[in-house]
Amino acid sequence: MSTNKFLIFTNLIQANLTTKVFGNEIEYLTFTDSTNEDVWESLENDIDEGFLCITDNQKKGRGRRGNNWLSEPGASLSFSFLIKPQISLEKIGLISLLAGVSVVEGISKFTNLDCKLKWPNDIIINKKKVGGILVESKQFNGDIFVVIGIGLNVNEQELPLEIVENATSLRLEKKSPIQREPLLASILNAFESIYNVDYKKWIELWNSHCLHLNSDVKFHHGNEIIQGTFLEINNMGQAIININGNNQKFSTGIIELP
Ligand code: BTN
C-alpha cells in the first residue's frame, strides 16, 4: 500500500524552481523538531546561501514571540532556508518583511487566492491567518547569517481547536487541494527575484500587499491597547500609526483587526 500522500518530493520542488541560488540544495527530513534549528545545525557543515530544509512532520515548530507552531503531517508546509545578506546590519530586520512579501506573491501566483499581510508578516486570507514566518539571525565566523522559517496551512481540512477561530488553510479557502511542492517553489522564486532588488522596493511591495493600510486598528504595544489608523511602514520597517492626529512609529506590537 502506498504511503506517498505523506511525502514531499524534493525533485518536484526543484523542477518548479526558476532560481539561481535558493533551493539548489535541499535537505528533506521525514520528521524533525524544527527546520529553523536544522538549518542552524547545518551551518556547521559549510552550507551555501539558499540551502533549504523541509520536513513533512515538524514536531516542535517554533513561532514568533516564543509561541509554538503546529503543523499537520501530510497537509502543512514547514520549511526554512539560509541567507547571507549583503545589506547593512540595521536593515537585517527588513528581511522578515521581504519574506512576507514573497510568501504572499508566491501563494497568490500559484493559487489565485487573495492573500494579504498583517504587520509585520502574518499571512492572511479572508481575515484569517494561513501562515507565519520566523526570521532568526546569527553571527558565525564573522559573517551574519539569517534563517527564514515559513509555516503554511495548506491542505488542512480542519484546524486545531486552539487556533480554529482565527486560522484557515489554503485548501479551505480555495475549496480544492493544493500541491505543496510547486507552491513552495513559487514562494522561493518570488523570494529570489525580490531579494535582488533595492530594499526600498521591498517596502513599497509590503505596503501594496498590506491588509490594513489606512484602516483603523487596535494596536497592542507592551501593556497598552491603542486605537489608531495604520498609515504604512517606513523605510526602517516601522509601523506608522496615526493616534489622535499624531503619527507615531512602532518597531514592535500586535495589530488586532476589527
Ligand atoms: C509565527 O509565529 O507566525 C511564525 C511561525 C513560523 C513557523 C515556521 S514552520 C518552519 C520553521 N520552523 C520552525 O520551527 N518555525 C518556522
# chains A, B, ... in the order shown; residues from 1 in each chain; ligands from 1
$ closest_atom_pairs --of "chain A" --to "ligand 1" --cutoff "10 Å" --atoms "only C-alpha atoms and all ligand atoms" --output "JSON lines"
{"residue": "A:Thr32", "atom": "CA", "partner": "ligand 1", "partner_atom_place_in_ligand_line": "14 (O)", "distance": 9.4}
{"residue": "A:Asp33", "atom": "CA", "partner": "ligand 1", "partner_atom_place_in_ligand_line": "14 (O)", "distance": 7.1}
{"residue": "A:Ser34", "atom": "CA", "partner": "ligand 1", "partner_atom_place_in_ligand_line": "14 (O)", "distance": 3.9}
{"residue": "A:Thr35", "atom": "CA", "partner": "ligand 1", "partner_atom_place_in_ligand_line": "12 (N)", "distance": 4.4}
{"residue": "A:Asn36", "atom": "CA", "partner": "ligand 1", "partner_atom_place_in_ligand_line": "12 (N)", "distance": 4.5}
{"residue": "A:Glu37", "atom": "CA", "partner": "ligand 1", "partner_atom_place_in_ligand_line": "14 (O)", "distance": 6.8}
{"residue": "A:Asp38", "atom": "CA", "partner": "ligand 1", "partner_atom_place_in_ligand_line": "12 (N)", "distance": 8.6}
{"residue": "A:Val39", "atom": "CA", "partner": "ligand 1", "partner_atom_place_in_ligand_line": "12 (N)", "distance": 9.4}
{"residue": "A:Cys53", "atom": "CA", "partner": "ligand 1", "partner_atom_place_in_ligand_line": "10 (C)", "distance": 8.9}
{"residue": "A:Ile54", "atom": "CA", "partner": "ligand 1", "partner_atom_place_in_ligand_line": "10 (C)", "distance": 7.9}
{"residue": "A:Thr55", "atom": "CA", "partner": "ligand 1", "partner_atom_place_in_ligand_line": "10 (C)", "distance": 8.5}
{"residue": "A:Gln58", "atom": "CA", "partner": "ligand 1", "partner_atom_place_in_ligand_line": "14 (O)", "distance": 7.5}
{"residue": "A:Lys59", "atom": "CA", "partner": "ligand 1", "partner_atom_place_in_ligand_line": "14 (O)", "distance": 8.6}
{"residue": "A:Lys60", "atom": "CA", "partner": "ligand 1", "partner_atom_place_in_ligand_line": "14 (O)", "distance": 6.4}
{"residue": "A:Gly61", "atom": "CA", "partner": "ligand 1", "partner_atom_place_in_ligand_line": "14 (O)", "distance": 3.5}
{"residue": "A:Arg62", "atom": "CA", "partner": "ligand 1", "partner_atom_place_in_ligand_line": "14 (O)", "distance": 3.6}
{"residue": "A:Gly63", "atom": "CA", "partner": "ligand 1", "partner_atom_place_in_ligand_line": "2 (O)", "distance": 3.2}
{"residue": "A:Arg64", "atom": "CA", "partner": "ligand 1", "partner_atom_place_in_ligand_line": "2 (O)", "distance": 3.8}
{"residue": "A:Arg65", "atom": "CA", "partner": "ligand 1", "partner_atom_place_in_ligand_line": "2 (O)", "distance": 6.9}
{"residue": "A:Gly66", "atom": "CA", "partner": "ligand 1", "partner_atom_place_in_ligand_line": "2 (O)", "distance": 7.9}
{"residue": "A:Asn67", "atom": "CA", "partner": "ligand 1", "partner_atom_place_in_ligand_line": "2 (O)", "distance": 6.2}
{"residue": "A:Asn68", "atom": "CA", "partner": "ligand 1", "partner_atom_place_in_ligand_line": "2 (O)", "distance": 7.2}
{"residue": "A:Trp69", "atom": "CA", "partner": "ligand 1", "partner_atom_place_in_ligand_line": "7 (C)", "distance": 5.4}
{"residue": "A:Leu70", "atom": "CA", "partner": "ligand 1", "partner_atom_place_in_ligand_line": "7 (C)", "distance": 8.0}
{"residue": "A:Ser71", "atom": "CA", "partner": "ligand 1", "partner_atom_place_in_ligand_line": "9 (S)", "distance": 7.4}
{"residue": "A:Ser76", "atom": "CA", "partner": "ligand 1", "partner_atom_place_in_ligand_line": "9 (S)", "distance": 9.0}
{"residue": "A:Leu77", "atom": "CA", "partner": "ligand 1", "partner_atom_place_in_ligand_line": "9 (S)", "distance": 7.3}
{"residue": "A:Ser78", "atom": "CA", "partner": "ligand 1", "partner_atom_place_in_ligand_line": "10 (C)", "distance": 4.1}
{"residue": "A:Phe79", "atom": "CA", "partner": "ligand 1", "partner_atom_place_in_ligand_line": "10 (C)", "distance": 4.4}
{"residue": "A:Ser80", "atom": "CA", "partner": "ligand 1", "partner_atom_place_in_ligand_line": "11 (C)", "distance": 5.4}
{"residue": "A:Phe81", "atom": "CA", "partner": "ligand 1", "partner_atom_place_in_ligand_line": "11 (C)", "distance": 9.0}
{"residue": "A:Pro120", "atom": "CA", "partner": "ligand 1", "partner_atom_place_in_ligand_line": "3 (O)", "distance": 9.7}
{"residue": "A:Asn121", "atom": "CA", "partner": "ligand 1", "partner_atom_place_in_ligand_line": "3 (O)", "distance": 7.6}
{"residue": "A:Asp122", "atom": "CA", "partner": "ligand 1", "partner_atom_place_in_ligand_line": "3 (O)", "distance": 6.0}
{"residue": "A:Ile123", "atom": "CA", "partner": "ligand 1", "partner_atom_place_in_ligand_line": "3 (O)", "distance": 8.3}
{"residue": "A:Lys129", "atom": "CA", "partner": "ligand 1", "partner_atom_place_in_ligand_line": "3 (O)", "distance": 8.6}
{"residue": "A:Val130", "atom": "CA", "partner": "ligand 1", "partner_atom_place_in_ligand_line": "3 (O)", "distance": 9.3}
{"residue": "A:Gly131", "atom": "CA", "partner": "ligand 1", "partner_atom_place_in_ligand_line": "3 (O)", "distance": 6.5}
{"residue": "A:Gly132", "atom": "CA", "partner": "ligand 1", "partner_atom_place_in_ligand_line": "3 (O)", "distance": 3.4}
{"residue": "A:Ile133", "atom": "CA", "partner": "ligand 1", "partner_atom_place_in_ligand_line": "4 (C)", "distance": 4.1}
{"residue": "A:Leu134", "atom": "CA", "partner": "ligand 1", "partner_atom_place_in_ligand_line": "6 (C)", "distance": 4.5}
{"residue": "A:Val135", "atom": "CA", "partner": "ligand 1", "partner_atom_place_in_ligand_line": "16 (C)", "distance": 8.1}
{"residue": "A:Glu136", "atom": "CA", "partner": "ligand 1", "partner_atom_place_in_ligand_line": "16 (C)", "distance": 9.7}
{"residue": "A:Val147", "atom": "CA", "partner": "ligand 1", "partner_atom_place_in_ligand_line": "11 (C)", "distance": 9.0}
{"residue": "A:Ile148", "atom": "CA", "partner": "ligand 1", "partner_atom_place_in_ligand_line": "11 (C)", "distance": 7.4}
{"residue": "A:Gly149", "atom": "CA", "partner": "ligand 1", "partner_atom_place_in_ligand_line": "11 (C)", "distance": 3.7}
{"residue": "A:Ile150", "atom": "CA", "partner": "ligand 1", "partner_atom_place_in_ligand_line": "8 (C)", "distance": 4.2}
{"residue": "A:Gly151", "atom": "CA", "partner": "ligand 1", "partner_atom_place_in_ligand_line": "9 (S)", "distance": 3.6}
{"residue": "A:Leu152", "atom": "CA", "partner": "ligand 1", "partner_atom_place_in_ligand_line": "9 (S)", "distance": 7.3}
{"residue": "A:Asn153", "atom": "CA", "partner": "ligand 1", "partner_atom_place_in_ligand_line": "9 (S)", "distance": 9.9}
$ select_by_dssp --residues "stretch 28-245 of chain A" --states "helix (DSSP H, G or I)" --output "mmCIF file with N, CA, C and O atoms, in the first residue's frame"
data_model
loop_
_atom_site.group_PDB
_atom_site.id
_atom_site.type_symbol
_atom_site.label_atom_id
_atom_site.label_comp_id
_atom_site.auth_asym_id
_atom_site.auth_seq_id
_atom_site.Cartn_x
_atom_site.Cartn_y
_atom_site.Cartn_z
ATOM 1 N N THR A 35 12.635 22.991 11.601
ATOM 2 C CA THR A 35 13.522 23.154 10.431
ATOM 3 C C THR A 35 14.443 24.369 10.600
ATOM 4 O O THR A 35 15.537 24.394 10.038
ATOM 5 N N ASN A 36 14.006 25.395 11.364
ATOM 6 C CA ASN A 36 14.929 26.509 11.620
ATOM 7 C C ASN A 36 16.174 25.995 12.332
ATOM 8 O O ASN A 36 17.303 26.317 11.983
ATOM 9 N N GLU A 37 15.928 25.160 13.359
ATOM 10 C CA GLU A 37 17.042 24.609 14.130
ATOM 11 C C GLU A 37 17.946 23.760 13.230
ATOM 12 O O GLU A 37 19.175 23.800 13.344
ATOM 13 N N ASP A 38 17.337 23.009 12.299
ATOM 14 C CA ASP A 38 18.130 22.140 11.411
ATOM 15 C C ASP A 38 19.044 22.954 10.502
ATOM 16 O O ASP A 38 20.177 22.557 10.251
ATOM 17 N N VAL A 39 18.547 24.095 10.013
ATOM 18 C CA VAL A 39 19.419 24.906 9.145
ATOM 19 C C VAL A 39 20.586 25.451 9.963
ATOM 20 O O VAL A 39 21.739 25.425 9.519
ATOM 21 N N TRP A 40 20.299 25.903 11.186
ATOM 22 C CA TRP A 40 21.410 26.393 12.028
ATOM 23 C C TRP A 40 22.435 25.291 12.258
ATOM 24 O O TRP A 40 23.642 25.544 12.219
ATOM 25 N N GLU A 41 21.962 24.078 12.488
ATOM 26 C CA GLU A 41 22.915 22.972 12.713
ATOM 27 C C GLU A 41 23.719 22.694 11.451
ATOM 28 O O GLU A 41 24.927 22.428 11.514
ATOM 29 N N SER A 42 23.082 22.795 10.275
ATOM 30 C CA SER A 42 23.786 22.517 9.016
ATOM 31 C C SER A 42 24.846 23.562 8.699
ATOM 32 O O SER A 42 25.768 23.309 7.931
ATOM 33 N N LEU A 43 24.707 24.755 9.288
ATOM 34 C CA LEU A 43 25.688 25.818 9.037
ATOM 35 C C LEU A 43 27.103 25.360 9.424
ATOM 36 O O LEU A 43 28.086 25.767 8.815
ATOM 37 N N ARG A 64 6.671 32.965 16.410
ATOM 38 C CA ARG A 64 7.184 34.241 16.907
ATOM 39 C C ARG A 64 6.748 34.430 18.356
ATOM 40 O O ARG A 64 5.839 33.794 18.832
ATOM 41 N N ARG A 65 7.442 35.340 19.047
ATOM 42 C CA ARG A 65 7.170 35.690 20.447
ATOM 43 C C ARG A 65 7.113 34.463 21.351
ATOM 44 O O ARG A 65 6.310 34.371 22.276
ATOM 45 N N GLY A 66 7.953 33.446 21.030
ATOM 46 C CA GLY A 66 8.054 32.266 21.891
ATOM 47 C C GLY A 66 6.870 31.307 21.794
ATOM 48 O O GLY A 66 6.761 30.373 22.586
ATOM 49 N N LEU A 89 23.776 46.103 8.744
ATOM 50 C CA LEU A 89 23.212 45.432 9.914
ATOM 51 C C LEU A 89 21.833 45.979 10.306
ATOM 52 O O LEU A 89 20.924 45.212 10.634
ATOM 53 N N GLU A 90 21.675 47.318 10.207
ATOM 54 C CA GLU A 90 20.391 47.889 10.679
ATOM 55 C C GLU A 90 19.230 47.550 9.748
ATOM 56 O O GLU A 90 18.076 47.747 10.091
ATOM 57 N N LYS A 91 19.574 47.022 8.554
ATOM 58 C CA LYS A 91 18.478 46.674 7.623
ATOM 59 C C LYS A 91 18.114 45.184 7.681
ATOM 60 O O LYS A 91 17.191 44.739 6.996
ATOM 61 N N ILE A 92 18.823 44.412 8.536
ATOM 62 C CA ILE A 92 18.558 42.970 8.628
ATOM 63 C C ILE A 92 17.086 42.717 8.984
ATOM 64 O O ILE A 92 16.469 41.781 8.487
ATOM 65 N N GLY A 93 16.517 43.588 9.825
ATOM 66 C CA GLY A 93 15.122 43.427 10.258
ATOM 67 C C GLY A 93 14.145 43.461 9.072
ATOM 68 O O GLY A 93 13.047 42.909 9.156
ATOM 69 N N LEU A 94 14.559 44.121 7.983
ATOM 70 C CA LEU A 94 13.656 44.245 6.825
ATOM 71 C C LEU A 94 13.482 42.923 6.100
ATOM 72 O O LEU A 94 12.553 42.756 5.304
ATOM 73 N N ILE A 95 14.389 41.974 6.376
ATOM 74 C CA ILE A 95 14.305 40.689 5.673
ATOM 75 C C ILE A 95 13.010 39.961 6.011
ATOM 76 O O ILE A 95 12.442 39.258 5.177
ATOM 77 N N SER A 96 12.525 40.170 7.223
ATOM 78 C CA SER A 96 11.281 39.489 7.592
ATOM 79 C C SER A 96 10.112 40.063 6.776
ATOM 80 O O SER A 96 9.160 39.351 6.438
ATOM 81 N N LEU A 97 10.202 41.339 6.401
ATOM 82 C CA LEU A 97 9.155 41.939 5.568
ATOM 83 C C LEU A 97 9.254 41.416 4.141
ATOM 84 O O LEU A 97 8.255 41.092 3.498
ATOM 85 N N LEU A 98 10.491 41.307 3.660
ATOM 86 C CA LEU A 98 10.723 40.753 2.322
ATOM 87 C C LEU A 98 10.177 39.321 2.248
ATOM 88 O O LEU A 98 9.555 38.924 1.256
ATOM 89 N N ALA A 99 10.402 38.546 3.312
ATOM 90 C CA ALA A 99 9.906 37.162 3.338
ATOM 91 C C ALA A 99 8.379 37.163 3.242
ATOM 92 O O ALA A 99 7.794 36.378 2.494
ATOM 93 N N GLY A 100 7.741 38.064 3.974
ATOM 94 C CA GLY A 100 6.278 38.156 3.929
ATOM 95 C C GLY A 100 5.780 38.466 2.526
ATOM 96 O O GLY A 100 4.840 37.835 2.028
ATOM 97 N N VAL A 101 6.439 39.415 1.876
ATOM 98 C CA VAL A 101 6.039 39.780 0.510
ATOM 99 C C VAL A 101 6.166 38.569 -0.414
ATOM 100 O O VAL A 101 5.271 38.269 -1.214
ATOM 101 N N SER A 102 7.265 37.828 -0.281
ATOM 102 C CA SER A 102 7.457 36.706 -1.222
ATOM 103 C C SER A 102 6.464 35.579 -0.957
ATOM 104 O O SER A 102 6.006 34.929 -1.902
ATOM 105 N N VAL A 103 6.082 35.361 0.295
ATOM 106 C CA VAL A 103 5.079 34.327 0.569
ATOM 107 C C VAL A 103 3.730 34.732 -0.043
ATOM 108 O O VAL A 103 3.072 33.940 -0.715
ATOM 109 N N VAL A 104 3.352 35.995 0.163
ATOM 110 C CA VAL A 104 2.070 36.464 -0.390
ATOM 111 C C VAL A 104 2.088 36.374 -1.920
ATOM 112 O O VAL A 104 1.128 35.893 -2.543
ATOM 113 N N GLU A 105 3.195 36.805 -2.525
ATOM 114 C CA GLU A 105 3.244 36.782 -4.001
ATOM 115 C C GLU A 105 3.288 35.345 -4.515
ATOM 116 O O GLU A 105 2.649 35.015 -5.512
ATOM 117 N N GLY A 106 4.044 34.483 -3.829
ATOM 118 C CA GLY A 106 4.138 33.077 -4.256
ATOM 119 C C GLY A 106 2.801 32.368 -4.149
ATOM 120 O O GLY A 106 2.396 31.637 -5.064
ATOM 121 N N ILE A 107 2.072 32.616 -3.059
ATOM 122 C CA ILE A 107 0.749 31.981 -2.883
ATOM 123 C C ILE A 107 -0.234 32.535 -3.916
ATOM 124 O O ILE A 107 -0.950 31.784 -4.584
ATOM 125 N N SER A 108 -0.260 33.860 -4.065
ATOM 126 C CA SER A 108 -1.238 34.465 -4.974
ATOM 127 C C SER A 108 -1.013 33.963 -6.390
ATOM 128 O O SER A 108 -1.970 33.632 -7.097
ATOM 129 N N LYS A 109 0.254 33.897 -6.806
ATOM 130 C CA LYS A 109 0.552 33.478 -8.175
ATOM 131 C C LYS A 109 0.153 32.020 -8.400
ATOM 132 O O LYS A 109 -0.405 31.670 -9.427
ATOM 133 N N PHE A 110 0.400 31.169 -7.400
ATOM 134 C CA PHE A 110 0.136 29.739 -7.607
ATOM 135 C C PHE A 110 -1.332 29.367 -7.408
ATOM 136 O O PHE A 110 -1.834 28.446 -8.054
ATOM 137 N N THR A 111 -2.033 30.080 -6.517
ATOM 138 C CA THR A 111 -3.404 29.654 -6.183
ATOM 139 C C THR A 111 -4.482 30.635 -6.655
ATOM 140 O O THR A 111 -5.667 30.296 -6.604
ATOM 141 N N LEU A 170 -5.122 26.985 2.948
ATOM 142 C CA LEU A 170 -5.330 27.316 1.533
ATOM 143 C C LEU A 170 -6.443 26.450 0.955
ATOM 144 O O LEU A 170 -7.265 26.899 0.168
ATOM 145 N N ARG A 171 -6.473 25.170 1.349
ATOM 146 C CA ARG A 171 -7.498 24.266 0.827
ATOM 147 C C ARG A 171 -8.901 24.702 1.239
ATOM 148 O O ARG A 171 -9.842 24.655 0.444
ATOM 149 N N LEU A 172 -9.041 25.124 2.500
ATOM 150 C CA LEU A 172 -10.364 25.579 2.958
ATOM 151 C C LEU A 172 -10.808 26.814 2.171
ATOM 152 O O LEU A 172 -11.989 26.972 1.859
ATOM 153 N N GLU A 173 -9.862 27.690 1.832
ATOM 154 C CA GLU A 173 -10.219 28.919 1.109
ATOM 155 C C GLU A 173 -10.470 28.657 -0.367
ATOM 156 O O GLU A 173 -11.372 29.225 -0.963
ATOM 157 N N LYS A 174 -9.636 27.766 -0.935
ATOM 158 C CA LYS A 174 -9.713 27.504 -2.382
ATOM 159 C C LYS A 174 -10.797 26.464 -2.700
ATOM 160 O O LYS A 174 -11.262 26.356 -3.815
ATOM 161 N N ARG A 180 1.809 20.832 -2.792
ATOM 162 C CA ARG A 180 2.709 21.631 -1.960
ATOM 163 C C ARG A 180 4.041 21.973 -2.621
ATOM 164 O O ARG A 180 4.584 23.058 -2.402
ATOM 165 N N GLU A 181 4.582 21.055 -3.424
ATOM 166 C CA GLU A 181 5.924 21.300 -3.977
ATOM 167 C C GLU A 181 5.977 22.513 -4.906
ATOM 168 O O GLU A 181 6.834 23.391 -4.738
ATOM 169 N N PRO A 182 5.067 22.622 -5.918
ATOM 170 C CA PRO A 182 5.136 23.819 -6.767
ATOM 171 C C PRO A 182 4.777 25.100 -6.023
ATOM 172 O O PRO A 182 5.243 26.181 -6.391
ATOM 173 N N LEU A 183 3.963 24.973 -4.968
ATOM 174 C CA LEU A 183 3.655 26.151 -4.152
ATOM 175 C C LEU A 183 4.925 26.665 -3.480
ATOM 176 O O LEU A 183 5.235 27.856 -3.504
ATOM 177 N N LEU A 184 5.675 25.734 -2.878
ATOM 178 C CA LEU A 184 6.933 26.129 -2.221
ATOM 179 C C LEU A 184 7.880 26.756 -3.249
ATOM 180 O O LEU A 184 8.503 27.789 -2.994
ATOM 181 N N ALA A 185 7.961 26.137 -4.434
ATOM 182 C CA ALA A 185 8.852 26.675 -5.479
ATOM 183 C C ALA A 185 8.412 28.087 -5.864
ATOM 184 O O ALA A 185 9.249 28.978 -6.046
ATOM 185 N N SER A 186 7.113 28.319 -5.949
ATOM 186 C CA SER A 186 6.590 29.634 -6.322
ATOM 187 C C SER A 186 7.021 30.691 -5.277
ATOM 188 O O SER A 186 7.351 31.830 -5.624
ATOM 189 N N ILE A 187 7.048 30.289 -4.006
ATOM 190 C CA ILE A 187 7.466 31.211 -2.938
ATOM 191 C C ILE A 187 8.969 31.519 -3.050
ATOM 192 O O ILE A 187 9.398 32.664 -2.960
ATOM 193 N N LEU A 188 9.774 30.474 -3.280
ATOM 194 C CA LEU A 188 11.226 30.706 -3.411
ATOM 195 C C LEU A 188 11.545 31.522 -4.664
ATOM 196 O O LEU A 188 12.441 32.366 -4.646
ATOM 197 N N ASN A 189 10.805 31.268 -5.747
ATOM 198 C CA ASN A 189 11.018 32.049 -6.977
ATOM 199 C C ASN A 189 10.752 33.527 -6.699
ATOM 200 O O ASN A 189 11.521 34.402 -7.098
ATOM 201 N N ALA A 190 9.643 33.789 -5.986
ATOM 202 C CA ALA A 190 9.299 35.179 -5.659
ATOM 203 C C ALA A 190 10.373 35.763 -4.747
ATOM 204 O O ALA A 190 10.815 36.907 -4.932
ATOM 205 N N PHE A 191 10.829 34.971 -3.763
ATOM 206 C CA PHE A 191 11.828 35.476 -2.814
ATOM 207 C C PHE A 191 13.086 35.921 -3.553
ATOM 208 O O PHE A 191 13.576 37.030 -3.348
ATOM 209 N N GLU A 192 13.604 35.050 -4.421
ATOM 210 C CA GLU A 192 14.888 35.381 -5.068
ATOM 211 C C GLU A 192 14.762 36.619 -5.958
ATOM 212 O O GLU A 192 15.655 37.464 -5.989
ATOM 213 N N SER A 193 13.628 36.755 -6.657
ATOM 214 C CA SER A 193 13.542 37.923 -7.547
ATOM 215 C C SER A 193 13.424 39.217 -6.736
ATOM 216 O O SER A 193 13.962 40.244 -7.136
ATOM 217 N N ILE A 194 12.779 39.186 -5.577
ATOM 218 C CA ILE A 194 12.644 40.430 -4.792
ATOM 219 C C ILE A 194 13.923 40.708 -3.988
ATOM 220 O O ILE A 194 14.334 41.855 -3.809
ATOM 221 N N TYR A 195 14.557 39.637 -3.514
ATOM 222 C CA TYR A 195 15.803 39.753 -2.723
ATOM 223 C C TYR A 195 16.857 40.538 -3.497
ATOM 224 O O TYR A 195 17.647 41.274 -2.924
ATOM 225 N N TYR A 199 16.202 47.544 -1.334
ATOM 226 C CA TYR A 199 15.298 47.309 -0.199
ATOM 227 C C TYR A 199 14.105 48.262 -0.199
ATOM 228 O O TYR A 199 13.044 47.954 0.358
ATOM 229 N N LYS A 200 14.257 49.434 -0.851
ATOM 230 C CA LYS A 200 13.110 50.381 -0.867
ATOM 231 C C LYS A 200 11.928 49.770 -1.620
ATOM 232 O O LYS A 200 10.769 50.049 -1.332
ATOM 233 N N LYS A 201 12.244 48.909 -2.588
ATOM 234 C CA LYS A 201 11.189 48.213 -3.339
ATOM 235 C C LYS A 201 10.481 47.194 -2.422
ATOM 236 O O LYS A 201 9.276 46.967 -2.550
ATOM 237 N N TRP A 202 11.237 46.588 -1.476
ATOM 238 C CA TRP A 202 10.617 45.640 -0.528
ATOM 239 C C TRP A 202 9.518 46.363 0.257
ATOM 240 O O TRP A 202 8.439 45.822 0.481
ATOM 241 N N ILE A 203 9.857 47.603 0.674
ATOM 242 C CA ILE A 203 8.914 48.388 1.488
ATOM 243 C C ILE A 203 7.676 48.734 0.653
ATOM 244 O O ILE A 203 6.539 48.590 1.119
ATOM 245 N N GLU A 204 7.947 49.181 -0.576
ATOM 246 C CA GLU A 204 6.839 49.548 -1.478
ATOM 247 C C GLU A 204 5.912 48.333 -1.691
ATOM 248 O O GLU A 204 4.690 48.441 -1.597
ATOM 249 N N LEU A 205 6.525 47.172 -1.939
ATOM 250 C CA LEU A 205 5.716 45.967 -2.175
ATOM 251 C C LEU A 205 4.964 45.579 -0.910
ATOM 252 O O LEU A 205 3.798 45.190 -0.956
ATOM 253 N N TRP A 206 5.662 45.676 0.236
ATOM 254 C CA TRP A 206 4.999 45.316 1.504
ATOM 255 C C TRP A 206 3.739 46.175 1.670
ATOM 256 O O TRP A 206 2.649 45.639 1.942
ATOM 257 N N ASN A 207 3.870 47.488 1.496
ATOM 258 C CA ASN A 207 2.705 48.382 1.665
ATOM 259 C C ASN A 207 1.590 48.014 0.681
ATOM 260 O O ASN A 207 0.410 48.055 1.028
ATOM 261 N N SER A 208 1.987 47.598 -0.533
ATOM 262 C CA SER A 208 0.950 47.286 -1.534
ATOM 263 C C SER A 208 0.193 45.998 -1.184
ATOM 264 O O SER A 208 -0.913 45.792 -1.654
ATOM 265 N N HIS A 209 0.794 45.119 -0.380
ATOM 266 C CA HIS A 209 0.115 43.861 -0.002
ATOM 267 C C HIS A 209 -0.514 43.920 1.392
ATOM 268 O O HIS A 209 -1.038 42.912 1.874
#
$ closest_residue --among "A:Ile8, A:Ile255, A:Ala167, A:Ile87" --to "A:Lys127" --atoms "only C-alpha atoms"
A:Ala167
$ select_by_dssp --residues "stretch 20-91 of chain A" --states "strand (DSSP E or B)" --output "number ranges by chain"
A: 26-29, 32, 52-55, 58, 61-62, 68-69, 77-83
$ residues_around --residues "A:Gly74" --least-positions-apart "5" --cutoff "12 Å" --atoms "only C-alpha atoms" --output "compact mmCIF listing (two decimals) with N, CA, C and O atoms, in the first residue's frame"
# COMPACT_ATOMS: atom_id res chain seq x y z
N THR A 3 2.24 5.00 0.74
CA THR A 3 2.14 5.99 1.82
C THR A 3 2.57 7.36 1.28
O THR A 3 2.89 8.26 2.03
N ASN A 4 2.52 7.47 -0.07
CA ASN A 4 3.05 8.66 -0.72
C ASN A 4 2.37 9.96 -0.32
O ASN A 4 2.95 11.02 -0.47
N LYS A 5 1.13 9.86 0.16
CA LYS A 5 0.43 11.12 0.45
C LYS A 5 1.13 11.90 1.57
O LYS A 5 0.90 13.08 1.75
N PHE A 6 2.00 11.22 2.34
CA PHE A 6 2.71 11.92 3.40
C PHE A 6 4.10 12.39 2.99
O PHE A 6 4.86 12.85 3.82
N LEU A 7 4.43 12.24 1.72
CA LEU A 7 5.78 12.62 1.31
C LEU A 7 5.79 13.96 0.59
O LEU A 7 4.81 14.35 -0.03
N ILE A 8 6.94 14.60 0.70
CA ILE A 8 7.18 15.77 -0.13
C ILE A 8 8.32 15.38 -1.06
O ILE A 8 9.34 14.85 -0.61
N PHE A 9 8.14 15.62 -2.35
CA PHE A 9 9.15 15.20 -3.33
C PHE A 9 10.05 16.38 -3.67
O PHE A 9 9.60 17.35 -4.28
N THR A 30 12.13 13.26 7.16
CA THR A 30 10.79 12.68 7.31
C THR A 30 10.11 13.24 8.57
O THR A 30 8.92 13.44 8.60
N PHE A 31 10.91 13.51 9.59
CA PHE A 31 10.38 14.24 10.75
C PHE A 31 11.53 14.99 11.41
O PHE A 31 12.69 14.66 11.21
N THR A 55 10.47 19.52 6.03
CA THR A 55 10.00 18.27 6.65
C THR A 55 8.50 18.14 6.43
O THR A 55 7.81 19.14 6.20
N ASP A 56 8.03 16.90 6.51
CA ASP A 56 6.58 16.72 6.46
C ASP A 56 6.01 16.44 7.85
O ASP A 56 4.83 16.17 7.99
N ASN A 57 6.89 16.48 8.85
CA ASN A 57 6.40 16.21 10.20
C ASN A 57 7.26 16.98 11.20
O ASN A 57 8.24 16.47 11.73
N GLN A 58 6.87 18.25 11.41
CA GLN A 58 7.61 19.09 12.36
C GLN A 58 6.94 18.98 13.73
O GLN A 58 5.76 19.27 13.87
N ASN A 153 -0.47 26.67 6.44
CA ASN A 153 -1.57 25.70 6.45
C ASN A 153 -2.01 25.52 5.00
O ASN A 153 -2.55 26.45 4.41
N VAL A 154 -1.75 24.35 4.45
CA VAL A 154 -2.03 24.16 3.02
C VAL A 154 -3.27 23.28 2.81
O VAL A 154 -4.31 23.75 2.37
N ASN A 155 -3.16 21.99 3.15
CA ASN A 155 -4.27 21.07 2.83
C ASN A 155 -5.08 20.63 4.05
O ASN A 155 -5.85 19.67 3.96
N GLU A 156 -4.95 21.35 5.15
CA GLU A 156 -5.73 21.01 6.34
C GLU A 156 -7.22 21.18 6.03
O GLU A 156 -7.61 22.19 5.43
N GLN A 157 -8.01 20.22 6.46
CA GLN A 157 -9.46 20.36 6.28
C GLN A 157 -10.13 20.73 7.59
O GLN A 157 -11.29 21.13 7.62
N PRO A 177 -7.79 20.78 -3.17
CA PRO A 177 -6.45 20.52 -2.65
C PRO A 177 -5.36 21.26 -3.44
O PRO A 177 -5.56 21.58 -4.61
N ILE A 178 -4.25 21.51 -2.78
CA ILE A 178 -3.16 22.29 -3.37
C ILE A 178 -1.90 21.42 -3.35
O ILE A 178 -1.58 20.84 -2.31
N GLN A 179 -1.18 21.37 -4.45
CA GLN A 179 0.07 20.60 -4.47
C GLN A 179 1.17 21.44 -3.78
O GLN A 179 1.41 22.59 -4.17
N ARG A 180 1.81 20.83 -2.79
CA ARG A 180 2.71 21.63 -1.96
C ARG A 180 4.04 21.97 -2.62
O ARG A 180 4.58 23.06 -2.40
N GLU A 181 4.58 21.06 -3.42
CA GLU A 181 5.92 21.30 -3.98
C GLU A 181 5.98 22.51 -4.91
O GLU A 181 6.83 23.39 -4.74
$ residues_around --residues "A:Ser215" --least-positions-apart "5" --cutoff "9 Å" --atoms "only C-alpha atoms" --output "PyMOL selection string"
chain A and resi 228-231
